[in-house]
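*Asks:* Below is upload_16.cif; it holds mmCIF, C-alpha atoms and all ligand atoms.
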data_query
#
loop_
_atom_site.label_atom_id
_atom_site.label_comp_id
_atom_site.auth_asym_id
_atom_site.auth_seq_id
_atom_site.Cartn_x
_atom_site.Cartn_y
_atom_site.Cartn_z
CA MET B 1 57.09 174.07 121.68
CA ILE B 2 57.31 176.01 118.46
CA GLN B 3 60.69 177.13 117.28
CA THR B 4 61.06 180.00 114.83
CA LEU B 5 63.58 180.15 112.01
CA LYS B 6 65.39 182.91 113.90
CA GLU B 7 65.66 180.77 117.02
CA HIS B 8 66.85 177.81 114.99
CA LEU B 9 69.60 179.94 113.46
CA GLU B 10 70.90 181.14 116.82
CA THR B 11 74.04 179.01 116.62
CA THR B 12 74.74 179.98 112.98
CA ASP B 13 77.00 182.96 112.13
CA SER B 14 74.76 185.98 112.74
CA GLU B 15 75.22 187.58 109.32
CA LEU B 16 74.56 184.33 107.52
CA ALA B 17 71.50 183.81 109.73
CA SER B 18 70.21 187.29 108.88
CA LEU B 19 70.68 186.58 105.16
CA ILE B 20 68.69 183.34 105.35
CA ILE B 21 65.91 185.09 107.30
CA LYS B 22 65.87 187.98 104.82
CA ILE B 23 65.50 185.62 101.85
CA GLY B 24 62.55 184.01 103.61
CA GLU B 25 60.94 187.43 103.98
CA ILE B 26 61.54 188.33 100.33
CA ALA B 27 59.99 185.03 99.30
CA GLU B 28 56.79 186.04 101.05
CA ILE B 29 56.70 189.38 99.23
CA ILE B 30 57.15 187.56 95.92
CA SER B 31 54.47 185.00 96.64
CA ALA B 32 51.95 187.71 97.53
CA GLU B 33 52.62 189.54 94.24
CA LEU B 34 52.35 186.56 91.88
CA PRO B 35 48.62 187.07 91.14
CA TYR B 36 49.47 190.54 89.80
CA ARG B 37 52.55 189.52 87.81
CA ARG B 38 51.23 186.96 85.35
CA GLY B 39 51.91 186.66 81.62
CA LYS B 40 54.92 186.82 79.35
CA ALA B 41 57.54 189.57 79.22
CA ASP B 42 58.82 190.63 75.78
CA THR B 43 62.32 189.39 76.52
CA LYS B 44 64.42 186.23 76.62
CA ASN B 45 66.97 185.25 79.27
CA VAL B 46 70.55 184.21 78.59
CA PHE B 47 69.32 180.64 78.01
CA GLY B 48 67.07 181.83 75.16
CA GLU B 49 63.93 181.13 77.19
CA VAL B 50 61.02 183.55 77.06
CA GLN B 51 60.93 185.36 80.39
CA LEU B 52 57.71 185.76 82.29
CA VAL B 53 56.78 189.00 83.98
CA ALA B 54 57.03 187.09 87.25
CA ASP B 55 60.57 185.78 86.50
CA LYS B 56 61.86 189.30 85.93
CA TRP B 57 59.97 190.82 88.78
CA ALA B 58 61.07 188.18 91.30
CA ASP B 59 64.65 188.70 90.17
CA GLU B 60 64.46 192.48 90.57
CA CYS B 61 62.77 192.18 93.94
CA LEU B 62 65.42 189.79 95.30
CA ILE B 63 68.29 191.91 94.00
CA GLU B 64 66.84 195.17 95.35
CA GLU B 65 66.10 193.71 98.76
CA LEU B 66 69.45 191.91 99.04
CA LYS B 67 71.22 195.19 98.20
CA LYS B 68 69.71 196.70 101.34
CA THR B 69 71.35 194.11 103.59
CA GLY B 70 74.85 195.44 102.91
CA ILE B 71 76.29 191.94 103.30
CA VAL B 72 75.91 190.70 99.72
CA LYS B 73 78.87 191.25 97.42
CA THR B 74 77.69 189.74 94.13
CA ILE B 75 74.74 187.81 92.73
CA VAL B 76 74.60 185.23 89.96
CA SER B 77 71.02 184.96 88.76
CA GLU B 78 69.32 182.83 86.13
CA GLU B 79 67.90 186.04 84.69
CA HIS B 80 71.27 187.78 84.14
CA PRO B 81 74.06 186.81 81.73
CA ASP B 82 76.80 188.30 83.96
CA ILE B 83 77.63 188.60 87.62
CA VAL B 84 75.60 191.37 89.26
CA LYS B 85 77.87 193.46 91.48
CA ILE B 86 76.09 194.57 94.62
CA ASN B 87 78.49 195.85 97.29
CA GLU B 88 82.27 195.58 97.23
CA GLN B 89 82.32 195.36 101.04
CA GLY B 90 79.75 192.56 101.10
CA LYS B 91 80.72 189.23 102.63
CA TYR B 92 78.53 186.80 100.68
CA ASN B 93 78.08 185.83 97.06
CA VAL B 94 74.64 184.53 96.25
CA THR B 95 73.20 182.45 93.40
CA LEU B 96 69.53 182.80 92.56
CA ASP B 97 66.89 180.98 90.63
CA PRO B 98 64.41 183.74 91.48
CA LEU B 99 61.43 181.72 90.32
CA ASP B 100 61.92 178.05 89.64
CA GLY B 101 59.26 176.22 87.67
CA SER B 102 57.73 179.49 86.48
CA SER B 103 55.80 177.78 83.67
CA ASN B 104 53.71 176.32 86.51
CA ILE B 105 52.37 179.74 87.47
CA GLU B 106 49.66 179.73 84.82
CA THR B 107 48.30 176.42 86.13
CA ASN B 108 48.84 177.24 89.82
CA ASN B 109 51.21 174.37 90.45
CA SER B 110 54.38 174.43 92.54
CA VAL B 111 57.02 177.09 92.04
CA GLY B 112 59.77 178.37 94.31
CA ILE B 113 63.13 180.02 94.80
CA ILE B 114 66.53 178.29 94.87
CA VAL B 115 69.49 179.97 96.58
CA GLY B 116 73.18 179.17 97.09
CA ILE B 117 75.39 181.20 99.46
CA TYR B 118 79.19 181.45 99.27
CA LYS B 119 82.02 183.40 100.86
CA LYS B 120 84.28 182.57 97.92
CA ASP B 121 83.94 184.58 94.72
CA LEU B 122 81.79 183.10 91.97
CA PRO B 123 81.98 181.02 89.91
CA THR B 124 83.45 178.31 92.10
CA GLN B 125 82.69 174.69 92.95
CA GLY B 126 79.41 173.98 94.76
CA LYS B 127 81.30 172.37 97.62
CA HIS B 128 82.29 175.87 98.74
CA GLN B 129 78.71 176.86 99.57
CA VAL B 130 78.35 177.93 103.17
CA ALA B 131 74.60 177.51 102.93
CA ALA B 132 71.87 176.58 100.46
CA MET B 133 68.12 176.93 100.66
CA TYR B 134 64.87 176.85 98.77
CA ILE B 135 61.41 178.18 99.34
CA LEU B 136 58.52 176.17 97.94
CA TYR B 137 55.16 177.74 97.15
CA GLY B 138 52.70 174.88 97.33
CA PRO B 139 49.47 174.74 99.29
CA MET B 140 51.69 176.19 102.02
CA ILE B 141 54.97 178.07 101.90
CA THR B 142 57.90 176.05 103.20
CA LEU B 143 61.55 176.99 103.57
CA VAL B 144 64.32 174.39 103.56
CA TYR B 145 67.87 175.36 104.46
CA THR B 146 71.22 173.90 105.27
CA ALA B 147 74.10 175.86 106.74
CA ARG B 148 76.14 172.63 106.46
CA ASN B 149 74.48 171.54 109.70
CA GLY B 150 71.92 169.11 108.31
CA VAL B 151 68.71 170.01 106.50
CA HIS B 152 65.83 171.77 108.22
CA GLU B 153 62.34 172.64 107.05
CA PHE B 154 60.12 175.51 108.17
CA LEU B 155 56.50 176.29 107.58
CA ARG B 156 55.16 179.79 106.99
CA THR B 157 52.50 180.63 109.63
CA LYS B 158 51.10 183.77 111.25
CA GLU B 159 53.98 183.41 113.70
CA GLY B 160 56.51 183.56 110.86
CA PHE B 161 58.53 180.55 109.69
CA ILE B 162 58.31 177.84 112.33
CA LEU B 163 60.19 174.56 112.48
CA LYS B 164 58.41 171.71 110.70
CA GLU B 165 61.17 169.12 110.63
CA GLU B 166 64.74 169.20 111.86
CA ASN B 167 67.67 167.27 110.45
CA ILE B 168 65.75 165.64 107.60
CA LYS B 169 67.30 162.44 106.22
CA LEU B 170 66.14 160.74 103.03
CA PRO B 171 63.97 157.77 104.02
CA GLU B 172 65.08 154.27 103.01
CA PRO B 173 64.08 152.67 100.77
CA GLY B 174 63.39 155.55 98.39
CA GLN B 175 59.87 155.40 96.97
CA LEU B 176 59.59 157.91 94.15
CA TYR B 177 61.10 158.85 90.83
CA GLY B 178 60.63 162.09 88.91
CA ILE B 179 62.48 162.56 85.64
CA GLY B 180 62.43 165.43 83.17
CA GLY B 181 62.98 165.49 79.42
CA LEU B 182 61.19 163.45 76.78
CA ARG B 183 61.54 159.71 77.33
CA LYS B 184 62.54 159.19 73.67
CA GLU B 185 65.44 161.57 74.39
CA TRP B 186 66.77 159.62 77.37
CA GLN B 187 69.97 157.67 76.79
CA PRO B 188 69.23 153.93 76.30
CA LYS B 189 70.96 152.73 79.48
CA PHE B 190 69.24 155.36 81.56
CA LYS B 191 65.91 154.37 80.07
CA GLU B 192 66.55 150.76 81.06
CA TYR B 193 67.40 151.90 84.56
CA VAL B 194 64.09 153.77 84.84
CA GLU B 195 62.22 150.73 83.55
CA GLU B 196 63.83 148.70 86.33
CA LEU B 197 62.62 151.23 88.89
CA GLU B 198 59.13 151.05 87.46
CA ALA B 199 59.20 147.23 87.53
CA LYS B 200 60.15 147.40 91.21
CA GLY B 201 57.13 149.58 91.94
CA SER B 202 58.69 153.03 92.27
CA LYS B 203 56.02 155.67 91.91
CA LEU B 204 56.25 158.43 89.30
CA ARG B 205 55.93 161.95 90.65
CA TYR B 206 56.77 164.77 88.27
CA GLY B 207 55.43 168.29 88.52
CA GLY B 208 57.78 170.32 86.32
CA ALA B 209 59.35 172.45 89.06
CA PHE B 210 62.69 171.34 90.43
CA VAL B 211 61.83 172.72 93.89
CA GLY B 212 58.57 170.77 94.12
CA ASP B 213 59.90 167.56 92.62
CA PHE B 214 63.02 167.71 94.76
CA ASN B 215 61.01 168.31 97.92
CA GLN B 216 59.07 165.09 97.31
CA VAL B 217 62.31 163.12 97.08
CA LEU B 218 63.57 164.77 100.27
CA HIS B 219 60.50 163.51 102.12
CA TYR B 220 59.74 160.16 100.49
CA GLY B 221 63.16 159.19 99.12
CA GLY B 222 63.94 158.09 95.58
CA ILE B 223 65.45 159.97 92.69
CA PHE B 224 64.93 163.21 90.83
CA SER B 225 66.71 163.68 87.54
CA TYR B 226 66.84 166.01 84.61
CA PRO B 227 69.19 163.69 82.73
CA ALA B 228 71.61 163.99 79.86
CA LEU B 229 69.45 163.86 76.72
CA ILE B 230 70.42 162.45 73.32
CA THR B 231 70.14 165.86 71.68
CA LYS B 232 71.16 167.82 74.80
CA PRO B 233 73.98 165.95 76.55
CA GLN B 234 74.15 168.68 79.20
CA GLY B 235 70.46 168.34 80.06
CA LYS B 236 68.48 171.42 81.04
CA LEU B 237 69.22 172.44 84.60
CA ARG B 238 71.74 175.13 85.40
CA LEU B 239 74.84 174.21 87.35
CA LEU B 240 75.24 177.32 89.49
CA VAL B 241 71.71 178.44 90.20
CA GLU B 242 69.88 175.10 90.32
CA ALA B 243 72.18 172.09 90.62
CA PHE B 244 74.71 173.32 93.19
CA PRO B 245 72.28 174.39 95.93
CA MET B 246 70.09 171.30 95.62
CA SER B 247 73.16 169.04 95.57
CA LEU B 248 74.38 170.48 98.87
CA ILE B 249 70.94 169.97 100.38
CA ILE B 250 70.60 166.37 99.18
CA GLU B 251 74.09 165.46 100.40
CA GLN B 252 73.42 167.09 103.78
CA ALA B 253 70.27 164.95 103.98
CA GLY B 254 72.31 161.77 103.59
CA GLY B 255 71.68 161.41 99.86
CA ALA B 256 73.90 161.89 96.83
CA SER B 257 74.18 164.12 93.78
CA SER B 258 75.80 163.27 90.47
CA ASN B 259 76.22 164.44 86.89
CA GLY B 260 76.50 160.75 85.95
CA GLU B 261 80.16 160.57 86.93
CA LYS B 262 80.80 162.32 90.22
CA SER B 263 79.29 164.52 92.89
CA ILE B 264 77.92 167.70 91.34
CA LEU B 265 79.51 169.67 94.19
CA GLU B 266 82.97 168.69 92.83
CA ILE B 267 82.37 170.11 89.35
CA GLU B 268 84.51 173.11 88.46
CA PRO B 269 82.25 175.56 86.61
CA LYS B 270 83.59 176.69 83.27
CA ASP B 271 81.06 179.43 82.80
CA LEU B 272 78.26 181.08 84.73
CA ASN B 273 75.47 179.75 82.58
CA GLN B 274 76.58 176.17 82.19
CA ARG B 275 73.99 173.38 82.20
CA ILE B 276 74.53 169.98 83.77
CA PRO B 277 72.78 166.58 83.85
CA VAL B 278 71.32 166.22 87.36
CA TYR B 279 70.76 163.00 89.29
CA VAL B 280 69.91 163.50 92.99
CA GLY B 281 68.42 161.14 95.55
CA ASN B 282 69.16 158.19 97.82
CA LYS B 283 72.78 157.07 97.62
CA GLU B 284 72.08 153.61 96.21
CA PHE B 285 70.04 155.06 93.32
CA ILE B 286 72.80 157.49 92.38
CA LYS B 287 75.58 154.91 92.69
CA LYS B 288 73.74 152.72 90.17
CA ILE B 289 73.47 155.57 87.72
CA GLU B 290 77.20 156.24 87.93
CA LYS B 291 77.82 152.58 86.99
CA LEU B 292 75.61 152.70 83.84
P1 LIG O 301 62.84 177.64 85.47
O1 LIG O 301 61.37 177.85 85.62
O2 LIG O 301 63.63 178.28 86.58
O3 LIG O 301 63.37 177.98 84.12
O4 LIG O 301 63.18 176.10 85.73
C1 LIG O 301 62.47 175.10 85.04
C2 LIG O 301 63.21 173.80 85.19
C3 LIG O 301 62.98 173.06 86.49
O5 LIG O 301 62.28 173.70 87.46
C4 LIG O 301 62.24 171.81 86.10
O6 LIG O 301 62.79 170.72 86.75
C5 LIG O 301 62.40 171.73 84.62
O7 LIG O 301 62.77 172.98 84.16
C6 LIG O 301 61.12 171.33 83.96
O8 LIG O 301 61.34 171.18 82.62
P2 LIG O 301 60.25 170.51 81.67
O9 LIG O 301 59.21 171.58 81.50
O10 LIG O 301 61.05 170.21 80.45
O11 LIG O 301 59.70 169.28 82.36
MN MN O 302 64.64 176.74 87.60
MN MN O 303 63.74 180.37 87.12
#
If you convert what's in this file into structure tokens, what do you get?
*Replies:*
Amino acid sequence: MIQTLKEHLETTDSELASLIIKIGEIAEIISAELPYRRGKADTKNVFGEVQLVADKWADECLIEELKKTGIVKTIVSEEHPDIVKINEQGKYNVTLDPLDGSSNIETNNSVGIIVGIYKKDLPTQGKHQVAAMYILYGPMITLVYTARNGVHEFLRTKEGFILKEENIKLPEPGQLYGIGGLRKEWQPKFKEYVEELEAKGSKLRYGGAFVGDFNQVLHYGGIFSYPALITKPQGKLRLLVEAFPMSLIIEQAGGASSNGEKSILEIEPKDLNQRIPVYVGNKEFIKKIEKL
């Protein structure tokens, strides 16, 4: 029997459930508009990266639509330097990577949306998330969420989002590795570690969108990393909008997250736009990295 996202969320707090459903609906609007929102905008984001028309538009669309719910208090978005105040009476604080992997749009490869949901005010540690989710635009649209009740995946169909897989756990042994940054920039010990993985027959899968690369690890096991680099010890990925949500999801799926020292969810953010080295995947892979 098919189960819809709404049915699956029946035992979750009703406002949180409605927020997760709403984000799924917004994701569909964004996906349908992408063909009309290509090209570069004339602006840079707080990280100094050239924004695409699609980055800015997805951000505006999410913020406008989330305003209408009345339950969102503030938003931290990759596309804004400061906290966006939405509704003082709102119950939830939301982090957004409105379009992850946006450089893949031009080549029609995977992109998606990454979301973290909190009751506590932001910035705070990732362990305080009440839910995290991502939507992946691949050949199909899938939605993965956790409301701290395991990790569940839904598939967009004519009937709406329907359950594809419930309570996903990382398979053992992990099969894949996907690692960002130039290899010559990897720290020597990390490079050795990757060479060991390769010698053992781990398969390389890297597509340049965290959502897509992460989703492969969720299903086949292994490790995704955007590591500390020699010239950029904090790596590339953003703690609040990228690393925290995915770390909650991987840990809920029986895996682990780390910045090289400890669980990413334990990191106390010092500022909204902080970057962090990211290592996520099967526990034994991540434990080894922490020992390097
Ligand atoms: P965004 O498009 O939101 O800026 O994120 C891009 C990130 C992430 O999705 C991916 O893992 C990484 O950047 C890819 O970086 P490289 O192009 O350096 O591989
Ligand atoms: Mn991103
Ligand atoms: Mn983005």
*Asks:* Extract, using only C-alpha atoms, all DNA, RNA and protein residues at most 9 Å from Ser31 (chain B), discarding same-chain residues fewer than 4 positions from it, and format them as a list in words.
*Replies:*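 Answer for this query is Ile26, Ala27, Pro35, Gly112, Tyr137 and Ile141 of chain B.
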*Asks:* Store the residues of this selection in a file with C-alpha atoms, as a compact mmCIF listing (two decimals), in the coordinates of the input.
*Replies:*
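What ended up in result_24.txt:
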# COMPACT_ATOMS: atom_id res chain seq x y z
CA ILE B 26 61.54 188.33 100.33
CA ALA B 27 59.99 185.03 99.30
CA PRO B 35 48.62 187.07 91.14
CA GLY B 112 59.77 178.37 94.31
CA TYR B 137 55.16 177.74 97.15
CA ILE B 141 54.97 178.07 101.90
*Asks:* Can you work out which one of B:Gly174, B:Gly39, B:Gly24, B:Gly101 has the shortest atom-to-atom distance to ligand MN 302 (chain O), counting all atoms listed in the file?
*Replies:* B:Gly101
*Asks:* Any chance you could tabulate, as CSV, the residues of chain B at most 7 Å from ligand LIG 301 (chain O) with each one's nearest atom pair and distance in Å to one decimal, using all atoms listed in the file, in chain and rising number order?
*Replies:*
residue,atom,partner,partner_atom,distance
B:Asp97,CA,O:LIG301,O2,5.9
B:Leu99,CA,O:LIG301,O2,5.5
B:Asp100,CA,O:LIG301,O2,3.5
B:Gly101,CA,O:LIG301,O1,3.4
B:Ser102,CA,O:LIG301,O1,4.1
B:Ser103,CA,O:LIG301,O1,5.9
B:Gly180,CA,O:LIG301,O11,4.8
B:Gly181,CA,O:LIG301,O10,5.2
B:Gly208,CA,O:LIG301,C6,4.2
B:Ala209,CA,O:LIG301,O5,3.6
B:Phe210,CA,O:LIG301,O6,3.7
B:Val211,CA,O:LIG301,O5,6.5
B:Tyr226,CA,O:LIG301,O6,6.6
B:Lys236,CA,O:LIG301,O7,6.7
B:Leu237,CA,O:LIG301,C2,6.2
*Asks:* Name the closest residue to Met246 (chain B) among the candidates B:Leu5, B:Val280, B:Val50, B:Ile162; distances are taken between atoms, counting only C-alpha atoms.
*Replies:*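 Going through B:Leu5, B:Val280, B:Val50, B:Ile162 one by one, the smallest distance to Met246 (chain B) is for B:Val280.
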*Asks:* Rank nothing, just name the residue among B:Asn167, B:Gln216, B:Asn93, B:Thr146 nearest to Leu240 (chain B), using all atoms listed in the file.
*Replies:*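 Smallest separation from Leu240 (chain B) among the options: B:Asn93.
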*Asks:* Interatomic distance between CA of Glu65 (chain B) and CA of Ile30 (chain B)?
*Replies:*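 CA of Ile30 (chain B) lies at a distance of 11.2 Å from CA of Glu65 (chain B).
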*Asks:* Would you mind telling me which residue in B:Leu170, B:Ile249, B:Ala58, B:Met133 lies nearest to ligand MN 303 (chain O) when using only C-alpha atoms and all ligand atoms?
*Replies:*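 That would be B:Ala58, the residue with the smallest distance to ligand MN 303 (chain O).
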*Asks:* Go through B:Val115, B:Val194, B:Ala199, B:Met140 one by one, measure the shortest atom-to-atom distance of each to ligand MN 303 (chain O) using all atoms listed in the file, and give the residue with the smallest value.
*Replies:*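 The shortest atom-to-atom distance to ligand MN 303 (chain O) comes from B:Val115.
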*Asks:* Could you tell me how far CA of Gly116 (chain B) lies from CA of Ala131 (chain B), in Å and to one decimal?
*Replies:*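 A separation of 6.2 Å between them.
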*Asks:* Would you list the contacts of Ile86 (chain B) as a PDB file with C-alpha atoms, in the frame of the given file, taking every protein, DNA or RNA residue within 9 Å and counting only C-alpha atoms, but skipping same-chain residues closer than 6 positions in sequence?
*Replies:*
ATOM      1  CA  ILE B  63      68.290 191.910  94.000  1.00  0.00           C
ATOM      2  CA  LEU B  66      69.450 191.910  99.040  1.00  0.00           C
ATOM      3  CA  LYS B  67      71.220 195.190  98.200  1.00  0.00           C
ATOM      4  CA  GLY B  70      74.850 195.440 102.910  1.00  0.00           C
ATOM      5  CA  VAL B  72      75.910 190.700  99.720  1.00  0.00           C
ATOM      6  CA  LYS B  73      78.870 191.250  97.420  1.00  0.00           C
ATOM      7  CA  THR B  74      77.690 189.740  94.130  1.00  0.00           C
ATOM      8  CA  ILE B  75      74.740 187.810  92.730  1.00  0.00           C
TER       9      ILE B  75
END
*Asks:* From the list B:Lys22, B:Lys270, B:Lys262, B:His219, which residue is nearest Val151 (chain B) when using all atoms listed in the file?
*Replies:* B:His219
*Asks:* At what distance in Å, to one decimal, does CA of Asn215 (chain B) lie from CA of Glu195 (chain B)?
*Replies:* 22.7 Å
*Asks:* Find the residues near Ile250 (chain B): any atom within 8 Å, counting only C-alpha atoms, skip ones fewer than 6 places away on the same chain, and give them as a VMD selection string.
*Replies:* chain B and resid 218 256 to 257 280 to 281
*Asks:* Can you pull out the residues contacting Lys164 (chain B)? Cut-off 7 Å, using only C-alpha atoms, and skip same-chain residues under 5 positions away; I want them as a short mmCIF file (atom, residue, chain, number, x, y, z; two decimals) with C-alpha atoms, keeping the file's coordinate frame.
*Replies:*
data_model
loop_
_atom_site.label_atom_id
_atom_site.label_comp_id
_atom_site.auth_asym_id
_atom_site.auth_seq_id
_atom_site.Cartn_x
_atom_site.Cartn_y
_atom_site.Cartn_z
CA GLU B 153 62.34 172.64 107.05
CA PHE B 154 60.12 175.51 108.17
CA LEU B 155 56.50 176.29 107.58
#
*Asks:* Could you name the residues that touch Val53 (chain B) at 12 Å or less, counting only C-alpha atoms, but leaving out those on the same chain fewer than 5 positions away, as a PyMOL selection string?
*Replies:* chain B and resi 33-45+58-60+79+98-99+102-103+105-106
*Asks:* Deliver the residues from the most recent selection as a file, using C-alpha atoms, as a CSV table (one decimal), keeping the file's coordinate frame.
*Replies:*
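To be explicit, this is the file written out as part10.csv:
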chain,number,residue,atom,x,y,z
B,33,GLU,CA,52.6,189.5,94.2
B,34,LEU,CA,52.4,186.6,91.9
B,35,PRO,CA,48.6,187.1,91.1
B,36,TYR,CA,49.5,190.5,89.8
B,37,ARG,CA,52.6,189.5,87.8
B,38,ARG,CA,51.2,187.0,85.4
B,39,GLY,CA,51.9,186.7,81.6
B,40,LYS,CA,54.9,186.8,79.4
B,41,ALA,CA,57.5,189.6,79.2
B,42,ASP,CA,58.8,190.6,75.8
B,43,THR,CA,62.3,189.4,76.5
B,44,LYS,CA,64.4,186.2,76.6
B,45,ASN,CA,67.0,185.2,79.3
B,58,ALA,CA,61.1,188.2,91.3
B,59,ASP,CA,64.6,188.7,90.2
B,60,GLU,CA,64.5,192.5,90.6
B,79,GLU,CA,67.9,186.0,84.7
B,98,PRO,CA,64.4,183.7,91.5
B,99,LEU,CA,61.4,181.7,90.3
B,102,SER,CA,57.7,179.5,86.5
B,103,SER,CA,55.8,177.8,83.7
B,105,ILE,CA,52.4,179.7,87.5
B,106,GLU,CA,49.7,179.7,84.8
*Asks:* Taking all atoms of region 182-199 of chain B that the file lists, what box with edges along x, y and z, padded by 5 Å per side, do you get, with centre and edge lengths in Å to one decimal, as lines of an AutoDock Vina configuration file?
*Replies:*
center_x = 65.0
center_y = 155.3
center_z = 81.3
size_x = 21.8
size_y = 26.2
size_z = 25.2
*Asks:* Please supply region 284-291 of chain B, rebuilt with all heavy atoms, as a compact mmCIF listing (two decimals), in the frame of the given file.
*Replies:*
# COMPACT_ATOMS: atom_id res chain seq x y z
N GLU B 284 71.98 154.83 97.03
CA GLU B 284 72.08 153.61 96.21
C GLU B 284 71.55 153.85 94.79
O GLU B 284 72.05 153.27 93.83
CB GLU B 284 71.43 152.41 96.90
CG GLU B 284 69.97 152.23 96.62
CD GLU B 284 69.10 152.45 97.85
OE1 GLU B 284 69.52 153.20 98.77
OE2 GLU B 284 68.01 151.87 97.89
N PHE B 285 70.56 154.74 94.65
CA PHE B 285 70.04 155.06 93.32
C PHE B 285 71.13 155.75 92.48
O PHE B 285 71.31 155.46 91.30
CB PHE B 285 68.86 156.04 93.42
CG PHE B 285 67.57 155.44 93.92
CD1 PHE B 285 67.45 154.99 95.22
CD2 PHE B 285 66.47 155.34 93.08
CE1 PHE B 285 66.25 154.45 95.69
CE2 PHE B 285 65.27 154.80 93.53
CZ PHE B 285 65.16 154.36 94.83
N ILE B 286 71.83 156.67 93.12
CA ILE B 286 72.80 157.49 92.38
C ILE B 286 74.04 156.67 92.03
O ILE B 286 74.59 156.78 90.94
CB ILE B 286 73.15 158.76 93.20
CG1 ILE B 286 71.87 159.53 93.58
CG2 ILE B 286 74.12 159.67 92.44
CD1 ILE B 286 70.96 159.91 92.43
N LYS B 287 74.44 155.80 92.97
CA LYS B 287 75.58 154.91 92.69
C LYS B 287 75.33 154.07 91.44
O LYS B 287 76.19 153.89 90.60
CB LYS B 287 75.79 153.96 93.88
CG LYS B 287 76.88 154.42 94.84
CD LYS B 287 77.24 153.29 95.79
CE LYS B 287 77.30 153.82 97.22
NZ LYS B 287 76.81 152.85 98.21
N LYS B 288 74.10 153.56 91.33
CA LYS B 288 73.74 152.72 90.17
C LYS B 288 73.86 153.51 88.88
O LYS B 288 74.32 153.00 87.87
CB LYS B 288 72.29 152.23 90.32
CG LYS B 288 72.19 150.86 90.91
CD LYS B 288 70.87 150.23 90.50
CE LYS B 288 70.88 148.75 90.82
NZ LYS B 288 69.54 148.19 90.84
N ILE B 289 73.42 154.74 88.92
CA ILE B 289 73.47 155.57 87.72
C ILE B 289 74.92 155.81 87.30
O ILE B 289 75.24 155.77 86.10
CB ILE B 289 72.72 156.90 87.97
CG1 ILE B 289 71.24 156.56 87.95
CG2 ILE B 289 73.09 157.96 86.95
CD1 ILE B 289 70.32 157.69 88.07
N GLU B 290 75.79 156.00 88.28
CA GLU B 290 77.20 156.24 87.93
C GLU B 290 77.83 155.00 87.29
O GLU B 290 78.78 155.12 86.55
CB GLU B 290 77.98 156.68 89.18
CG GLU B 290 77.59 158.11 89.58
CD GLU B 290 78.39 158.68 90.72
OE1 GLU B 290 79.05 157.91 91.46
OE2 GLU B 290 78.38 159.91 90.89
N LYS B 291 77.26 153.82 87.58
CA LYS B 291 77.82 152.58 86.99
C LYS B 291 77.30 152.31 85.57
O LYS B 291 77.81 151.45 84.88
CB LYS B 291 77.45 151.40 87.89
CG LYS B 291 78.30 151.37 89.16
CD LYS B 291 78.28 149.99 89.80
CE LYS B 291 78.81 150.07 91.22
NZ LYS B 291 77.83 149.70 92.23
